[in-house]
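Reproduced below: structure.txt, with compact mmCIF, C-alpha atoms.
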```
# COMPACT_ATOMS: atom_id res chain seq x y z
CA MET A 108 0.00 0.00 0.00
CA LEU A 109 2.76 2.44 0.92
CA ASP A 110 4.45 1.89 -2.45
CA LYS A 111 1.50 3.63 -4.12
CA ILE A 112 1.80 6.86 -2.15
CA ILE A 113 5.55 7.28 -1.75
CA LEU A 114 6.68 10.75 -2.74
CA PRO A 115 9.28 10.96 -5.54
CA LEU A 116 12.89 11.91 -4.93
CA THR A 117 14.11 15.28 -6.13
CA SER A 118 14.77 15.07 -9.85
CA VAL A 119 17.30 17.92 -9.71
CA GLN A 120 19.89 15.50 -8.29
CA SER A 121 19.62 12.90 -11.06
CA SER A 122 22.51 14.28 -13.10
CA HIS A 123 24.91 13.96 -10.16
CA VAL A 124 24.51 10.23 -9.49
CA ASN A 125 25.01 7.03 -11.39
CA LYS A 126 23.96 3.45 -10.86
CA GLU A 127 26.98 2.61 -8.72
CA ILE A 128 26.31 5.49 -6.33
CA LEU A 129 22.59 4.72 -6.11
CA ILE A 130 23.23 1.06 -5.30
CA GLN A 131 25.81 2.03 -2.68
CA LEU A 132 23.31 4.37 -1.02
CA TYR A 133 20.48 1.85 -1.22
CA GLU A 134 22.58 -0.98 0.23
CA ASP A 135 23.88 1.22 3.03
CA MET A 136 20.41 2.39 4.02
CA LEU A 137 19.02 -1.14 3.81
CA LEU A 138 21.86 -2.43 5.99
CA GLY A 139 21.08 0.22 8.57
CA ARG A 140 17.36 -0.61 8.58
CA LYS A 141 17.81 -4.37 8.83
CA PHE A 142 20.52 -4.00 11.48
CA GLU A 143 18.23 -1.90 13.66
CA ASP A 144 15.30 -4.26 13.18
CA MET A 145 17.51 -7.13 14.33
CA CYS A 146 18.66 -5.08 17.32
CA ALA A 147 15.03 -4.75 18.38
CA GLN A 148 14.59 -8.51 18.20
CA MET A 149 17.75 -9.17 20.19
CA TYR A 150 16.88 -6.55 22.79
CA TYR A 151 13.49 -8.09 23.49
CA ARG A 152 15.14 -11.52 23.71
CA GLY A 153 17.41 -10.22 26.46
CA LYS A 154 20.63 -10.20 24.44
CA MET A 155 21.18 -6.44 24.84
CA PHE A 156 21.02 -4.35 27.97
CA GLY A 157 20.58 -0.71 28.91
CA PHE A 158 19.08 1.85 26.59
CA VAL A 159 19.03 1.13 22.85
CA HIS A 160 18.04 3.94 20.49
CA LEU A 161 17.18 2.89 16.95
CA TYR A 162 17.60 4.91 13.76
CA ASN A 163 14.74 3.56 11.62
CA GLY A 164 13.50 6.25 9.23
CA GLN A 165 16.56 8.48 9.37
CA GLU A 166 18.84 6.38 7.12
CA ALA A 167 18.96 8.94 4.31
CA VAL A 168 20.82 11.38 6.55
CA SER A 169 23.55 8.96 7.55
CA SER A 170 24.07 7.53 4.06
CA GLY A 171 23.70 10.88 2.32
CA VAL A 172 26.45 12.50 4.38
CA ILE A 173 28.88 9.79 5.48
CA LYS A 174 29.19 7.92 2.18
CA LEU A 175 30.73 11.11 0.73
CA LEU A 176 33.51 11.20 3.34
CA ASN A 177 37.00 9.82 2.86
CA ASN A 178 38.38 7.10 5.13
CA SER A 179 40.60 9.76 6.73
CA ASP A 180 37.63 11.99 7.60
CA TYR A 181 35.96 11.88 11.02
CA VAL A 182 32.44 11.29 12.35
CA CYS A 183 31.02 12.26 15.74
CA SER A 184 27.67 10.69 16.56
CA THR A 185 25.03 10.61 19.30
CA TYR A 186 23.46 7.87 21.40
CA ARG A 187 21.60 6.88 18.20
CA ASP A 188 24.89 5.81 16.66
CA HIS A 189 24.67 2.27 15.20
CA VAL A 190 23.84 3.31 11.63
CA HIS A 191 26.35 6.17 11.55
CA ALA A 192 29.00 3.59 12.48
CA LEU A 193 27.85 1.23 9.73
CA SER A 194 27.96 4.02 7.15
CA LYS A 195 31.50 4.92 8.24
CA GLY A 196 32.58 1.35 7.50
CA ILE A 197 32.74 -0.33 10.89
CA PRO A 198 31.85 -3.99 10.21
CA SER A 199 28.38 -4.99 11.38
CA ASN A 200 29.72 -7.98 13.32
CA LEU A 201 31.93 -5.75 15.48
CA ILE A 202 29.04 -3.39 16.21
CA MET A 203 26.64 -6.23 17.01
CA ALA A 204 29.21 -7.84 19.31
CA GLU A 205 29.59 -4.51 21.08
CA LEU A 206 25.84 -4.29 21.60
CA PHE A 207 25.98 -7.78 23.11
CA GLY A 208 28.75 -6.64 25.47
CA LYS A 209 31.30 -9.04 23.99
CA GLU A 210 35.09 -8.72 24.01
CA THR A 211 35.15 -8.83 20.20
CA GLY A 212 33.05 -5.66 19.97
CA CYS A 213 34.51 -2.49 18.50
CA SER A 214 34.81 -1.06 22.04
CA HIS A 215 35.65 -4.48 23.55
CA GLY A 216 32.19 -4.69 25.10
CA ARG A 217 32.80 -1.69 27.36
CA GLY A 218 30.72 0.84 25.50
CA GLY A 219 27.50 -0.80 24.43
CA SER A 220 24.84 0.83 22.30
CA MET A 221 25.51 4.48 23.12
CA HIS A 222 29.31 4.39 22.95
CA ILE A 223 30.28 2.88 19.60
CA PHE A 224 33.89 3.85 18.85
CA SER A 225 36.55 2.88 16.34
CA ALA A 226 39.91 4.60 16.00
CA ASP A 227 40.60 2.55 12.87
CA HIS A 228 37.60 4.12 11.15
CA ASN A 229 37.94 7.63 12.64
CA PHE A 230 34.58 7.13 14.31
CA LEU A 231 34.87 9.25 17.43
CA GLY A 232 31.99 7.79 19.29
CA GLY A 233 28.43 7.81 20.28
CA PHE A 234 27.73 9.95 23.34
CA ALA A 235 25.10 9.34 25.99
CA PHE A 236 24.30 13.00 26.67
CA ILE A 237 23.11 15.48 24.10
CA ALA A 238 25.71 17.94 22.72
CA GLU A 239 28.62 15.92 24.14
CA GLY A 240 29.96 15.13 20.70
CA ILE A 241 30.00 18.70 19.38
CA PRO A 242 33.09 19.88 21.34
CA VAL A 243 34.81 16.62 20.38
CA ALA A 244 34.06 17.38 16.73
CA ILE A 245 35.53 20.86 17.19
CA GLY A 246 38.71 19.29 18.54
CA SER A 247 38.83 16.85 15.65
CA ALA A 248 38.41 19.63 13.10
CA PHE A 249 41.01 21.77 14.87
CA GLN A 250 43.65 19.06 14.70
CA SER A 251 43.01 18.79 10.96
CA VAL A 252 43.80 22.49 10.57
CA TYR A 253 46.78 22.22 12.95
CA LYS A 254 48.32 19.45 10.87
CA LYS A 255 48.07 21.58 7.74
CA GLN A 256 49.06 24.98 9.12
CA VAL A 257 51.57 24.08 11.83
CA LEU A 258 52.89 20.63 10.97
CA LEU A 259 52.75 21.50 7.24
CA SER A 260 51.07 18.25 6.23
CA LYS A 261 50.75 17.75 2.48
CA ASP A 262 47.59 15.67 2.89
CA ILE A 263 44.16 17.07 2.05
CA LEU A 264 42.30 18.80 4.85
CA ASN A 265 40.26 16.19 6.71
CA VAL A 266 36.62 16.97 7.39
CA THR A 267 34.60 16.13 10.51
CA ALA A 268 30.86 15.41 10.28
CA CYS A 269 29.08 16.01 13.58
CA PHE A 270 25.56 14.61 14.01
CA PHE A 271 23.03 15.64 16.67
CA GLY A 272 19.31 16.05 17.13
CA ASP A 273 16.92 18.97 17.28
CA GLY A 274 16.84 18.91 21.08
CA THR A 275 20.59 19.56 21.19
CA THR A 276 20.18 22.92 19.46
CA ASN A 277 18.72 24.34 22.68
CA ASN A 278 21.98 23.49 24.47
CA GLY A 279 24.72 26.04 25.12
CA GLN A 280 27.51 23.90 23.69
CA PHE A 281 25.84 24.03 20.29
CA TYR A 282 26.09 27.82 20.13
CA GLU A 283 29.57 28.04 21.64
CA CYS A 284 30.94 25.52 19.16
CA LEU A 285 29.29 27.15 16.14
CA ASN A 286 30.96 30.40 17.15
CA MET A 287 34.38 28.79 17.61
CA ALA A 288 34.13 26.85 14.34
CA VAL A 289 33.48 30.03 12.37
CA LEU A 290 36.20 31.99 14.17
CA TRP A 291 38.80 29.37 13.28
CA LYS A 292 37.29 28.34 9.93
CA LEU A 293 37.22 24.73 11.03
CA PRO A 294 36.44 21.95 8.51
CA VAL A 295 33.36 20.68 10.30
CA ILE A 296 29.82 19.97 9.14
CA PHE A 297 27.11 20.29 11.77
CA VAL A 298 24.29 17.92 10.80
CA VAL A 299 21.06 18.45 12.74
CA GLU A 300 18.85 15.39 12.41
CA ASN A 301 15.58 17.14 13.16
CA ASN A 302 13.29 14.17 13.73
CA GLN A 303 10.65 16.49 15.22
CA TRP A 304 10.82 15.09 18.75
CA ALA A 305 13.31 15.38 21.63
CA ILE A 306 12.33 12.25 23.57
CA GLY A 307 8.73 13.27 24.38
CA MET A 308 8.93 16.98 23.59
CA ALA A 309 7.75 18.12 20.17
CA HIS A 310 10.35 20.34 18.55
CA HIS A 311 8.00 23.25 17.87
CA ARG A 312 7.11 23.40 21.57
CA SER A 313 10.69 23.58 22.84
CA THR A 314 12.25 26.47 20.93
CA SER A 315 11.28 30.04 20.09
CA SER A 316 12.90 29.60 16.65
CA PRO A 317 11.94 26.20 15.20
CA GLU A 318 13.83 26.68 11.91
CA ILE A 319 17.23 25.53 13.15
CA HIS A 320 19.15 26.26 9.95
CA LYS A 321 18.41 29.97 10.39
CA LYS A 322 20.40 30.00 13.63
CA ALA A 323 23.56 29.72 11.54
CA GLU A 324 23.14 33.31 10.34
CA ALA A 325 23.98 34.75 13.76
CA PHE A 326 27.44 33.16 13.59
CA GLY A 327 28.17 33.77 9.92
CA LEU A 328 28.09 30.26 8.50
CA PRO A 329 25.80 28.83 5.82
CA GLY A 330 22.60 27.23 7.10
CA ILE A 331 20.86 24.75 4.83
CA GLU A 332 17.48 23.06 5.25
CA VAL A 333 17.11 19.76 3.39
CA ASP A 334 14.57 16.97 3.07
CA GLY A 335 16.09 14.36 5.36
CA MET A 336 13.91 11.63 3.84
CA ASP A 337 15.50 12.16 0.41
CA VAL A 338 18.99 10.67 0.30
CA LEU A 339 19.87 12.45 -2.94
CA ALA A 340 18.90 15.84 -1.53
CA VAL A 341 20.95 15.16 1.60
CA ARG A 342 23.89 14.02 -0.51
CA SER A 343 23.76 17.18 -2.62
CA ALA A 344 23.75 19.46 0.43
CA ALA A 345 26.51 17.43 2.08
CA GLN A 346 28.70 17.52 -1.02
CA GLU A 347 28.61 21.31 -1.09
CA ALA A 348 29.39 21.49 2.63
CA ILE A 349 32.25 18.97 2.41
CA ASP A 350 33.82 20.75 -0.56
CA ARG A 351 33.60 24.06 1.29
CA ALA A 352 35.16 22.64 4.45
CA ARG A 353 37.96 20.84 2.61
CA ALA A 354 38.82 24.04 0.76
CA GLY A 355 39.42 25.76 4.11
CA GLU A 356 36.31 27.93 3.92
CA GLY A 357 34.87 26.78 7.24
CA PRO A 358 31.81 25.05 8.65
CA THR A 359 28.25 24.54 7.41
CA LEU A 360 25.06 23.82 9.36
CA ILE A 361 22.70 21.35 7.68
CA GLU A 362 19.22 20.82 9.10
CA ALA A 363 17.83 17.53 7.78
CA LEU A 364 14.08 17.25 8.32
CA THR A 365 13.50 13.60 9.15
CA TYR A 366 11.52 11.29 11.43
CA ARG A 367 12.20 8.23 13.56
CA PHE A 368 9.81 5.37 12.91
CA ARG A 369 10.22 3.90 16.41
CA GLY A 370 10.03 5.35 19.90
CA HIS A 371 12.86 7.34 21.44
CA SER A 372 14.39 4.09 22.67
CA LEU A 373 13.24 0.49 22.86
CA ALA A 374 12.03 1.25 26.39
CA ASP A 375 9.72 3.98 25.05
CA PRO A 376 6.09 2.88 24.44
CA ASP A 377 5.83 5.76 21.91
CA GLU A 378 2.43 6.95 23.10
CA LEU A 379 2.98 10.70 22.72
CA ARG A 380 3.06 10.88 18.92
CA SER A 381 -0.26 10.52 17.13
CA ARG A 382 -0.91 7.59 14.82
CA GLU A 383 -1.85 10.06 12.08
CA GLU A 384 1.50 11.84 12.34
CA LYS A 385 3.46 8.60 12.24
CA ASN A 386 1.51 7.29 9.26
CA ILE A 387 2.16 10.46 7.27
CA TRP A 388 5.90 10.16 7.76
CA LEU A 389 5.86 6.45 6.97
CA THR A 390 4.70 7.30 3.45
CA ARG A 391 8.02 9.13 3.00
CA ASP A 392 10.20 6.13 3.89
CA PRO A 393 13.63 7.04 2.41
CA ILE A 394 14.47 3.47 1.41
CA LYS A 395 11.20 2.92 -0.43
CA ARG A 396 11.56 6.29 -2.14
CA LEU A 397 15.05 5.50 -3.42
CA LYS A 398 13.93 2.05 -4.54
CA LYS A 399 11.06 3.58 -6.51
CA TYR A 400 13.37 6.21 -8.01
CA MET A 401 15.84 3.57 -9.24
CA LEU A 402 13.13 1.38 -10.73
CA ASP A 403 11.20 4.24 -12.34
CA ASN A 404 14.35 5.63 -13.95
CA LEU A 405 15.57 2.19 -15.07
CA PHE A 406 18.79 2.25 -13.05
CA VAL A 407 18.07 -1.26 -11.76
CA ILE A 408 15.67 -4.15 -12.16
CA SER A 409 13.87 -5.97 -9.37
CA ASP A 410 16.24 -8.95 -9.49
CA GLU A 411 19.19 -6.71 -8.66
CA LEU A 412 17.41 -5.27 -5.65
CA GLU A 413 16.46 -8.73 -4.45
CA ALA A 414 20.13 -9.75 -4.68
CA ILE A 415 21.10 -6.72 -2.56
CA ASP A 416 18.42 -7.62 -0.03
CA ALA A 417 19.78 -11.17 0.25
CA LYS A 418 23.36 -9.89 0.59
CA VAL A 419 22.39 -7.51 3.39
CA GLN A 420 20.38 -10.18 5.19
CA ALA A 421 23.36 -12.55 5.06
CA ASN A 422 25.51 -9.78 6.53
CA ILE A 423 23.10 -9.36 9.44
CA ASP A 424 22.83 -13.11 10.03
CA ASN A 425 26.62 -13.39 10.14
CA ALA A 426 26.79 -10.49 12.60
CA ILE A 427 24.36 -12.23 14.93
CA SER A 428 26.24 -15.53 14.74
CA PHE A 429 29.51 -13.72 15.45
CA ALA A 430 28.09 -11.84 18.44
CA LEU A 431 26.44 -14.92 19.95
CA SER A 432 29.62 -17.00 19.67
CA SER A 433 32.01 -14.30 20.91
CA PRO A 434 33.49 -14.44 24.44
CA GLU A 435 32.50 -12.21 27.32
CA PRO A 436 35.16 -9.80 28.64
CA ASP A 437 37.41 -11.38 31.28
CA ILE A 438 36.92 -10.07 34.81
CA LYS A 439 40.69 -9.66 35.17
CA ASP A 440 40.54 -7.00 32.42
CA LEU A 441 37.99 -4.90 34.31
CA LYS A 442 40.31 -1.87 34.47
CA ARG A 443 41.84 -2.35 31.05
CA TYR A 444 41.37 0.31 28.35
CA LEU A 445 41.05 3.10 30.93
CA PHE A 446 44.42 4.45 29.81
CA ALA A 447 46.47 4.27 26.63
CA GLU A 448 48.51 1.13 26.21
CA ASP A 449 51.85 0.60 24.47
```
Here is a file; write its structure as structure tokens.
Amino acid sequence: MLDKIILPLTSVQSSHVNKEILIQLYEDMLLGRKFEDMCAQMYYRGKMFGFVHLYNGQEAVSSGVIKLLNNSDYVCSTYRDHVHALSKGIPSNLIMAELFGKETGCSHGRGGSMHIFSADHNFLGGFAFIAEGIPVAIGSAFQSVYKKQVLLSKDILNVTACFFGDGTTNNGQFYECLNMAVLWKLPVIFVVENNQWAIGMAHHRSTSSPEIHKKAEAFGLPGIEVDGMDVLAVRSAAQEAIDRARAGEGPTLIEALTYRFRGHSLADPDELRSREEKNIWLTRDPIKRLKKYMLDNLFVISDELEAIDAKVQANIDNAISFALSSPEPDIKDLKRYLFAED
């Protein structure tokens, strides 16, 4: 039924993508969706503990931004970090093992759902409290500039993508870091995933200025509003921001209008949002929209999409098998990883 009322993707982006890019975006979004669906199953079976915040519905933002980054670029996430980590290239089995609290996890089972981290992938972490990652992103972007200007590195200027939600934009660190980023022309992209709700508080009820992208004007950086359910629109906005940052021209604020299809966390009964509101946003599912776009414009045939679906499902199944069979951390290593090791 939803397939009949899905809104089309923006046609203006069609000249900037090819089949290879579209398939990469589709597979990445599908991996994120299936991974999160499996997390819900495992959580309710008692395989995961603590708070688990799922990303269903917001996949176009992660894929649209992160798949444009280089391996040497950085990502700072939030407590809703699983899919950002997948997009940055952290293997699904290492993330799943981390969610299970296993030693083989990307944080050796010490971080869990809200603290995904991988130095190898320049993924600087999920953070349990809102706005925590923004100062870290400022530090990451500063060291990129320091390497170029002080250490005279010949490498390209690395970019940091910093993700956070609409609720964070009422926090002081958001404003302080925007100001600092502009003062120092830091290569950072501030990506606001405005999913309309900060836990149980509707965005329009929590701020005197609901249009977040307009807050950039006070600090002198570009502010862009984009359809966060359209991966091609997100990708276009992100490309411009990344190019600007890498050229040494400073930060950009992107407000992606999106929606989470599940409650705030798996412990949230999701009773505050109306069924009508949720159903409206479900018709804009970013994965279904991209699928329709590819089929309508003859980029792919159904058999190719079915093959991608099977590939992604096998990936998820392998991740679960890996996590279930992995060892628990040893009690003797309780204090390990608190400090740097040789």
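Counting only C-alpha atoms and comparing A:Ile173, A:Ile438, A:Ile197, A:Val419, the residue that lies closest to Ile296 in chain A is A:Ile173.
Shortest atom-to-atom contact with Gly232 in chain A among A:Phe326, A:Phe142, A:Phe270, A:Tyr444: A:Phe270, counting only C-alpha atoms.
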Would you kindly return, as a list of chain:residue names, each protein, DNA or RNA residue with an atom no farther than 8 Å from any atom of Glu362 in chain A, considering only C-alpha atoms and excluding same-chain residues fewer than 2 positions away?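 The residues that qualify are A:Val298, A:Val299, A:Glu300, A:Asn301, A:Ile319, A:His320, A:Gly330, A:Ile331, A:Glu332, A:Val333, A:Leu360, A:Leu364.
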Write out as a count of residues only which residues come within 12 Å of Leu412 in chain A when counting only C-alpha atoms, dropping same-chain ones fewer than 3 positions away. 22
For CA of Lys195 in chain A and CA of Gly307 in chain A, determine how far apart the two atoms are, in Å to one decimal place.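 Between these atoms lies a distance of 29.1 Å.
Atom pair CA of Ala345 in chain A / CA of Gly240 in chain A has a distance of 19.1 Å (rounded to one decimal).
The space separating CA of Glu324 in chain A from CA of Asn286 in chain A comes to 10.8 Å.
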Which one of A:Arg443, A:Arg217, A:His222, A:Arg353 sits closest to His191 in chain A if you count all atoms listed in the file?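 Selected residue with least distance to His191 in chain A: A:His222.
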Nearest to Ser316 in chain A by atom-to-atom distance, counting all atoms listed in the file, from A:Thr359, A:Val295, A:Asn277, A:Asn422: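 Ranking A:Thr359, A:Val295, A:Asn277, A:Asn422 by distance to Ser316 in chain A, first place goes to A:Asn277.
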Considering only C-alpha atoms, return as a PyMOL selection string whatever protein or nucleic-acid residues lie within 8 Å of Thr185 in chain A, sequence-local ones (same chain, fewer than 2 positions apart) excluded. chain A and resi 183+187-188+221+232-237+240+270-271
Using all atoms listed in the file, which of the listed residues (A:Glu143, A:Asp334, A:Glu411, A:Asp403) sits closest to Phe368 in chain A? A:Glu143
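By chain and then residue number, the residues within 12 Å of Leu441 in chain A are A:Glu210, A:His215, A:Gly216, A:Arg217, A:Glu435, A:Pro436, A:Asp437, A:Ile438, A:Tyr444, A:Leu445, counting all atoms listed in the file and disregarding those fewer than 3 positions away in sequence.
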Please provide as a count of residues only all residues within 8 Å of Ile349 in chain A, with the sequence filter that same-chain residues fewer than 2 positions apart are discarded (counting only C-alpha atoms). 10
